[in-house]
Each structure stands twice: as structure tokens, then as C-alpha cells.
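A.B. asks: This one is data-v6.txt, compact mmCIF, C-alpha atoms.
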```txt
# COMPACT_ATOMS: atom_id res chain seq x y z
CA MET R 747 12.70 -14.36 9.63
CA ILE R 748 11.01 -13.10 6.49
CA THR R 749 10.55 -15.86 3.92
CA GLU R 750 8.84 -16.19 0.57
CA VAL R 751 5.23 -17.39 0.62
CA THR R 752 2.91 -18.66 -2.09
CA LEU R 753 0.71 -15.94 -3.55
CA PRO R 754 -2.79 -16.72 -4.88
CA PRO R 755 -3.05 -16.80 -8.70
CA GLU R 756 -5.46 -13.84 -8.74
CA LEU R 757 -2.97 -11.66 -6.83
CA ILE R 758 -0.13 -12.72 -9.12
CA LYS R 759 -2.18 -11.70 -12.17
CA ALA R 760 -3.23 -8.39 -10.59
CA ALA R 761 0.38 -7.62 -9.61
CA GLU R 762 1.65 -8.48 -13.10
CA CYS R 763 -0.94 -6.13 -14.61
CA LEU R 764 -0.13 -3.33 -12.18
CA GLU R 765 3.59 -3.75 -12.80
CA GLN R 766 2.93 -3.48 -16.55
CA ARG R 767 0.79 -0.36 -16.06
CA PHE R 768 3.59 1.21 -14.03
CA GLN R 769 6.11 0.32 -16.78
CA ILE R 770 3.94 1.75 -19.57
CA LEU R 771 3.46 4.97 -17.61
CA ARG R 772 7.15 5.12 -16.67
CA VAL R 773 6.43 5.16 -12.95
CA PRO R 774 9.68 4.90 -10.97
CA THR R 775 9.13 1.67 -9.03
CA ARG R 776 11.37 -1.07 -7.78
CA LYS R 777 11.34 -4.56 -6.35
CA VAL R 778 12.19 -4.85 -2.66
CA PRO R 779 14.43 -7.90 -2.14
CA LEU R 780 13.63 -10.22 0.76
CA ALA R 781 17.05 -9.33 2.20
CA GLU R 782 15.79 -5.76 2.81
CA TRP R 783 12.77 -7.11 4.66
CA SER R 784 15.04 -9.20 6.86
CA LEU R 785 16.65 -5.96 8.12
CA VAL R 786 13.43 -5.13 9.99
CA PRO R 787 14.04 -6.10 13.64
CA GLU R 788 12.84 -9.63 14.35
CA GLU R 789 10.61 -8.53 17.23
CA VAL R 790 8.30 -6.74 14.77
CA GLN R 791 8.62 -8.95 11.69
CA GLY R 792 5.57 -10.93 12.81
CA SER R 793 3.45 -7.81 12.31
CA ILE R 794 4.23 -7.67 8.60
CA PRO R 795 1.74 -9.64 6.51
CA GLY R 796 3.72 -12.58 5.07
CA TRP R 797 2.46 -11.95 1.55
CA VAL R 798 3.66 -8.31 1.37
CA PRO R 799 7.44 -9.01 1.25
CA THR R 800 6.90 -11.76 -1.35
CA LEU R 801 4.69 -9.51 -3.49
CA LEU R 802 7.15 -6.61 -3.40
CA ALA R 803 10.14 -8.90 -3.99
CA ARG R 804 8.57 -10.49 -7.08
CA PHE R 805 7.00 -7.41 -8.67
CA SER R 806 8.27 -3.87 -9.21
CA LEU R 807 5.47 -2.10 -7.32
CA HIS R 808 7.19 -0.20 -4.51
CA GLY R 809 7.22 3.53 -5.16
CA GLY R 810 4.11 3.57 -7.32
CA CYS R 811 1.05 5.40 -6.08
CA LEU R 812 -2.57 4.52 -6.84
CA GLU R 813 -5.61 6.68 -6.33
CA CYS R 814 -9.37 6.37 -6.13
CA LYS R 815 -12.34 8.59 -5.46
CA ASN R 816 -13.03 9.22 -1.81
CA ASP R 817 -16.11 7.38 -0.54
CA ASN R 818 -17.34 10.40 1.37
CA ASP R 819 -19.69 12.89 -0.29
CA ASP R 820 -18.17 15.81 1.63
CA ALA R 821 -14.59 14.94 0.64
CA ASN R 822 -13.29 16.09 -2.72
CA TRP R 823 -9.78 14.67 -2.53
CA GLU R 824 -8.50 11.35 -3.81
CA ARG R 825 -7.52 8.46 -1.61
CA LEU R 826 -3.93 7.36 -2.22
CA PHE R 827 -2.43 3.89 -1.90
CA GLY R 828 1.20 2.82 -2.21
CA PHE R 829 2.64 -0.31 -0.63
CA SER R 830 4.66 0.35 2.52
CA GLY R 831 8.21 -0.93 2.42
CA PRO R 832 10.49 -2.30 5.13
CA ASP R 833 11.53 1.13 6.45
CA GLN R 834 7.92 2.26 6.87
CA TYR R 835 7.01 -0.96 8.69
CA LYS R 836 10.03 -0.58 10.94
CA ASP R 837 9.16 3.04 11.75
CA PHE R 838 5.50 2.32 12.48
CA LEU R 839 5.99 -0.90 14.39
CA LEU R 840 8.84 0.36 16.56
CA ALA R 841 7.16 3.72 17.31
CA ARG R 842 4.84 2.08 19.86
CA ASP R 843 2.16 4.63 19.02
CA TYR R 844 -0.96 4.36 21.22
CA VAL R 845 -3.46 4.52 18.34
CA TRP R 846 -1.43 2.12 16.26
CA ASP R 847 -1.10 -0.36 19.15
CA THR R 848 -4.66 -0.15 20.52
CA GLU R 849 -6.80 0.51 17.45
CA ILE R 850 -4.97 -1.40 14.74
CA LEU R 851 -2.61 -4.09 16.07
CA ALA R 852 -4.79 -5.05 19.05
CA ALA R 853 -7.75 -5.50 16.68
CA GLY R 854 -5.73 -7.96 14.55
CA PHE R 855 -5.02 -5.54 11.71
CA VAL R 856 -1.80 -4.29 10.23
CA LEU R 857 -0.72 -1.50 7.91
CA ILE R 858 -0.17 -2.11 4.21
CA SER R 859 -0.14 1.56 3.15
CA HIS R 860 -0.47 5.00 4.67
CA GLU R 861 -1.64 8.35 3.40
CA GLN R 862 0.00 11.73 3.99
CA ASN R 863 -2.96 12.81 6.12
CA GLY R 864 -2.20 10.03 8.62
CA ASP R 865 -4.91 7.57 7.57
CA PHE R 866 -3.88 3.93 7.04
CA TRP R 867 -4.88 1.14 4.68
CA VAL R 868 -5.04 -1.99 6.85
CA THR R 869 -5.81 -5.68 6.55
CA SER R 870 -5.96 -8.71 8.80
CA ILE R 871 -2.57 -9.89 9.99
CA LYS R 872 -3.60 -13.55 9.93
CA ASP R 873 -6.01 -13.96 7.00
CA GLY R 874 -3.61 -13.45 4.09
CA PRO R 875 -4.04 -11.58 0.81
CA SER R 876 -7.66 -12.67 0.39
CA ALA R 877 -8.72 -10.71 3.49
CA PRO R 878 -10.69 -7.47 3.18
CA ILE R 879 -8.85 -4.16 3.01
CA TYR R 880 -10.00 -1.24 5.19
CA LEU R 881 -9.15 2.42 5.42
CA PHE R 882 -8.49 3.41 9.02
CA SER R 883 -9.44 7.06 9.48
CA LEU R 884 -7.54 8.82 12.24
CA SER R 885 -10.09 11.64 12.42
CA ASP R 886 -12.99 9.19 12.91
CA MET R 887 -10.95 6.52 14.70
CA LYS R 888 -12.79 3.91 12.59
CA ARG R 889 -12.14 1.35 9.90
CA PHE R 890 -14.05 1.77 6.66
CA PHE R 891 -14.42 -1.13 4.22
CA ALA R 892 -12.44 -0.46 1.03
CA SER R 893 -12.12 -3.73 -0.89
CA SER R 894 -12.82 -7.42 -0.45
CA ARG R 895 -9.15 -8.28 -1.17
CA ILE R 896 -5.85 -6.72 -2.27
CA ALA R 897 -6.02 -8.07 -5.84
CA LEU R 898 -9.30 -6.23 -6.40
CA LEU R 899 -8.00 -3.05 -4.78
CA ILE R 900 -4.85 -2.78 -6.93
CA SER R 901 -6.82 -3.69 -10.05
CA SER R 902 -9.52 -1.08 -9.40
CA MET R 903 -7.41 1.95 -8.57
CA ALA R 904 -5.89 4.37 -11.08
CA VAL R 905 -2.22 5.24 -11.28
CA SER R 906 -1.78 8.57 -9.52
CA GLU R 907 0.19 11.58 -10.63
CA ARG R 908 1.77 11.37 -7.16
CA SER R 909 3.75 8.38 -8.41
CA TYR R 910 6.12 10.94 -9.86
CA ASP R 911 7.88 12.53 -6.93
CA GLU R 912 10.30 14.55 -9.05
CA PRO R 913 8.47 17.17 -11.17
CA ASP R 914 11.21 17.42 -13.80
CA LYS R 915 11.29 13.65 -14.49
CA PRO R 916 9.18 12.00 -17.21
CA ARG R 917 5.58 11.29 -16.31
CA SER R 918 2.60 9.87 -18.15
CA VAL R 919 -0.82 10.43 -16.58
CA MET R 920 -4.23 11.66 -17.67
CA TRP R 921 -4.88 15.42 -17.82
CA HIS R 922 -1.17 16.25 -17.88
CA PRO R 923 1.14 16.53 -20.89
CA GLU R 924 3.44 13.53 -21.15
CA ARG R 925 7.05 14.37 -20.31
```
Produce C-alpha cells that represent the structure in this file.

C.D. replies:
Amino acid sequence: MITEVTLPPELIKAAECLEQRFQILRVPTRKVPLAEWSLVPEEVQGSIPGWVPTLLARFSLHGGCLECKNDNDDANWERLFGFSGPDQYKDFLLARDYVWDTEILAAGFVLISHEQNGDFWVTSIKDGPSAPIYLFSLSDMKRFFASSRIALLISSMAVSERSYDEPDKPRSVMWHPER
């Protein structure tokens, strides 16, 4: 059963700041109540980091998208990060995908976000929110260090234009007229 856990003060502060940034920029986000997390089948609930449901239940962060420069000289696209919600966890964990099972779960890691290109942001399933965050590249089949902890990651990344999934809705980001 999914239950609330205690979040470290640094993560609480980082989440409060990110939530405020999303509000100022009118990013359509929402809180994800613990009751929604409890709808994920019990056999896979243990593969959801305990701090993720608490974080997304306390702060309106789900639906927002963050971006950062790619750490690859040959790549000119941004890396995107948005917290996965209960439906995404359910889909990934119940899919029984070979790569997911052998390269991520078997190594003690679990998804916290995914990109449209199939890459995953992962962290340790057992070490909590102070564990390092990695980008798992499907093309390289490797984990690349991204951040020493989730609080630093969400504090360092910029709010992405991709937070606005409906082009005719208001948006407020750099290099684009505010609507």
C-alpha cells in the first residue's frame, strides 16, 4: 500500500520553489492524491520510490516539464524531465519489458521520468530522494550520471515550453510571446 513518507527539508524547499515557478508561468500542473497511487496494482507498488507519491501528493508538479542542455557535444536537443504519475508507473511496471526488467529493475533502479525518445531518468529504488539521478540511454544501453539528488535536479533545470501541451492555451516561457 502506498503511504506518505517524510521528505527531506531540502527536497521540500526545492519542490515549493518549483511549484511556485510553475504557478508564475501558468504551467498546467496538478497534485496527484495518494488515492490515485493506491490504484497501481499492489504487485508493482514496491517498484515505485516511496518519496515520489508523497512529493506529487503534496506539491502541484505533475504535468510540468523541465529541460536542460544535453551533456553530449554531438546532441543539440534538450533533455526533458517530468515526473511520472501512477498511470505511467503502472504501464511500465506491468509491461514486463526485457530492457526495463534486466537493465533497470535488476540493477536496483527505477523510473522517475521518461523522455519521448524512450530514454529514462532513473534513481535507486532503495536509497530515497538523496540518491543520485541517472539518465538511462536506450541507444547506448547505459546509465549516465545526471544529478547527485532530485532536489538539485529540479532546482537546476529550466521550465520547458513543452509544459504547455495545448498550443492555444496561455503560456509563459523565454523566447516566446506570453499568451

A.B. asks: Within 8 Å of Phe855 in chain R, counting all atoms listed in the file, which residues show up once you throw out same-chain ones fewer than 2 positions away? Write them as a ChimeraX atom specification, please.

C.D. replies: /R:850-853,857,868-871

A.B. asks: Can you list, as a ChimeraX atom specification, every protein, DNA or RNA residue that comes within 12 Å of range 760-776 of chain R when you count only C-alpha atoms, leaving out same-chain residues fewer than 4 positions away?

C.D. replies: /R:753-756,798,800-812,828-829,831,875,895-912,915-920,924-925

A.B. asks: Measure the distance from CA of Tyr880 in chain R to CA of Arg825 in chain R in Å and round it to one decimal.

C.D. replies: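 Going from CA of Tyr880 in chain R over to CA of Arg825 in chain R covers 12.1 Å.
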
A.B. asks: Could you tell me how far CA of Lys815 in chain R sits from CA of Trp797 in chain R, in Å to one decimal place?

C.D. replies: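 Value for the CA of Trp797 in chain R-CA of Lys815 in chain R distance: 26.3 Å.
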
A.B. asks: Hey, can you check how far CA of Ala892 in chain R sits from CA of Ile879 in chain R?

C.D. replies: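 Separating CA of Ala892 in chain R from CA of Ile879 in chain R is a distance of 5.5 Å.
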
A.B. asks: Go through R:Gly864, R:Gly854, R:Gly792, R:Pro923 one by one, measure the shortest atom-to-atom distance of each to Tyr835 in chain R using all atoms listed in the file, and give the residue with the smallest value.

C.D. replies: R:Gly792

A.B. asks: From the list R:Trp823, R:Phe866, R:Trp921, R:Phe838, which residue is nearest Ser793 in chain R when using all atoms listed in the file?

C.D. replies: R:Phe838
